[in-house]
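Colleague: Okay, handing you the structure first.
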There are 2 protein chains.
Amino acid sequence: MNIGEAAKASGVSAKMIRYYESTGLIPAAGRTGSGYRVYSDTEVQMLRFIRRSRDLGFPVEKIEELLALWRDRSRQSADVKRLALDQIDGLARKISEMQAMMDTLRHLADACCGDHRPDCPILVDLGNGPAQGQATARTARR
Amino acid sequence: MNIGEAAKASGVSAKMIRYYESTGLIPAAGRTGSGYRVYSDTEVQMLRFIRRSRDLGFPVEKIEELLALWRDRSRQSADVKRLALDQIDGLARKISEMQAMMDTLRHLADACCGDHRPDCPILVDLGNGPAQGQATARTARR
DNA sequence: CTTGACCTTGCCATCATGGGAAGCCTTATC
DNA sequence: GATAAGGCTTCCCATGATGGCAAGGTCAAG
């Protein structure tokens with residue numbers, strides 16, 4: 001199987017397959033006499049594993065660990081579960097950060113009448129800095 | 001005010017202040033005879049505006065628009081509100097993507113007993129790809 | 001005058017991905 | 001056999017926002 005076929009079969013672009021190879025995430029593929037990479041079903045399966053892991057938000061660094069566990073028949077499922085739980089924690093943290101941003105924005109947007117007039121509480125808030133007048137003056141307070 | 005003081009006063013690092021200047025987000029600061037950048041309170045306020053906008057997740061590209069509206073005394077608050085609502089939509093979209101990842105991971109983690117044994121539904125799922133056994137066989141046609 | 005803290009520019013790295021160029025290989029068609 | 005299309009190869013560049021480091025100039029206190 002050529003890299004293009006492997007890409008279609010795995011959902012990983014040819015570009016990324018080469019990149020993963022260059023960084024050592026996957027072993028170097030075999031080559032034809034003329035230098036084309038060749039992929040077996042096993043390798044395509046590994047690529048799909050990577051794709052799926054990326055879809056779940058794992059950074060490549062963690063996928064390296066996941067792949068190692070995948071290949072290790074004497075692994076302990078606790079190790080896999082820990083990676084998954086860490087990933088859940090990371091996602092939860094990012095989600096709550098974004099939720100906080102969204103709540104603030106929603107609040108501001110609700111206060112803005114959104115018409116042709118220039119008065120806008122959103123701009124006022126942005127101009128005043130985080131949570132109002134906190135730490136606004138360690139300089140010439142003119 | 002030197003760049004270091006402006007950085008402390010605005011919450012934007014000196015590095016980023018120079019970067020924003022180089023990209024044209026902010027106008028070039030004045031200079032002392034020896035080449036040091038000098039900042040007025042007005043400029044620090046603009047930096048705080050940027051910082052606050054970044055904290056709400058706006059990309060620099062959008063901050064450019066926000067700054068333009070901020071400076072425009074004949075702006076229409078509707079334009080500001082639209083930017084805010086777009087940002088809310090973007091955040092909501094990302095949050096729901098991450099939430100979906102998290103739900104899947106939680107489901108998988110719940111199914112994994114997480115002990116010393118190697119059997120692990122998480123790895124099985126990752127190995128099977130999205131929604132199972134779809135397109136697993138376009139194999140060795142060569 | 002020396003020392004240390006601060007400023008300047010410039011380059012490199014991140015993280016995962018896409019784009020493009022220049023050139024070789026393969027396959028199909030005439 | 002020649003030619004065209006399309007796939008492959010490598011290499012370089014760009015993203016977005018940020019940090020780090022290095023070499024060298026500047027300023028202020030001692």
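Chain identifiers are assigned as A, B, and so on, following the order in which chains appear in the structure tokens; residues are numbered from 1 within each chain, and ligands are numbered from 1 in order of appearance.
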Please give the root-mean-square deviation of the Cα atoms once chain B has been least-squares fitted onto chain A, pairing every Cα in order.

Modeller: 1.3 Å

Colleague: Mind listing as a ChimeraX atom specification which residues of chain B are within 9 Å of chain D, counting only C-alpha atoms (C1' of nucleotides)?

Modeller: /B:15-16,34,36,59-60

Colleague: Would you put the residues from that selection into a file with C-alpha atoms, as a PDB file, in the first residue's frame?

Modeller:
```
ATOM      1  CA  LYS B  15       8.194  40.759  24.626  1.00  0.00           C
ATOM      2  CA  MET B  16       4.588  40.867  23.538  1.00  0.00           C
ATOM      3  CA  SER B  34      19.172  56.278  23.254  1.00  0.00           C
ATOM      4  CA  TYR B  36      14.401  53.106  24.647  1.00  0.00           C
ATOM      5  CA  PRO B  59      -7.566  36.325  18.683  1.00  0.00           C
ATOM      6  CA  VAL B  60      -5.286  39.251  17.908  1.00  0.00           C
TER       7      VAL B  60
END
```

Colleague: Within 9 Å of chain C, which residues of chain B show up? Give each one with its shortest atom-to-atom distance in Å (one decimal) and the two atoms involved, counting only C-alpha atoms (C1' of nucleotides), rows by chain then rising residue number, as JSON lines.

Modeller:
```
{"residue": "B:Asn2", "atom": "CA", "partner": "C:DC7", "partner_atom": "C1'", "distance": 8.6}
{"residue": "B:Ile3", "atom": "CA", "partner": "C:DC7", "partner_atom": "C1'", "distance": 8.3}
{"residue": "B:Gly4", "atom": "CA", "partner": "C:DC6", "partner_atom": "C1'", "distance": 8.1}
{"residue": "B:Gly35", "atom": "CA", "partner": "C:DT8", "partner_atom": "C1'", "distance": 7.4}
{"residue": "B:Tyr36", "atom": "CA", "partner": "C:DC7", "partner_atom": "C1'", "distance": 6.2}
{"residue": "B:Arg37", "atom": "CA", "partner": "C:DC7", "partner_atom": "C1'", "distance": 8.5}
```

Colleague: What residues in chain B have any atom no more than 6 Å from chain A when counting only C-alpha atoms, and can you write them as a list of chain:residue names?

Modeller: B:Arg48, B:Phe49, B:Arg52, B:Leu56, B:Ser74, B:Arg75, B:Gln76, B:Ser77, B:Ala78, B:Lys81, B:Ile88, B:Ile95, B:Met101, B:Met102, B:Ala109, B:Gly114, B:Asp115, B:His116, B:Arg117, B:Pro118, B:Cys120, B:Leu126, B:Gly127, B:Gly129

Colleague: Tell me, in Å to one decimal, how far CA of Thr23 (chain B) is from CA of Ala7 (chain B).

Modeller: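 Computing it gives 17.5 Å between the two atoms.
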
Colleague: With DSSP run on the backbone, what are the strand (DSSP E or B) residues within region 12-84 of chain A? I'd like them as number ranges by chain.

Modeller: A: 30-31, 37-38

Colleague: Filtering to C-alpha atoms, could you give me those residues as a PDB file, in the first residue's frame?

Modeller:
```
ATOM      1  CA  GLY A  30       9.483   0.045   4.261  1.00  0.00           C
ATOM      2  CA  ARG A  31      10.437   1.310   0.838  1.00  0.00           C
ATOM      3  CA  ARG A  37       6.971   4.088   1.300  1.00  0.00           C
ATOM      4  CA  VAL A  38       4.950   0.901   1.695  1.00  0.00           C
TER       5      VAL A  38
END
```
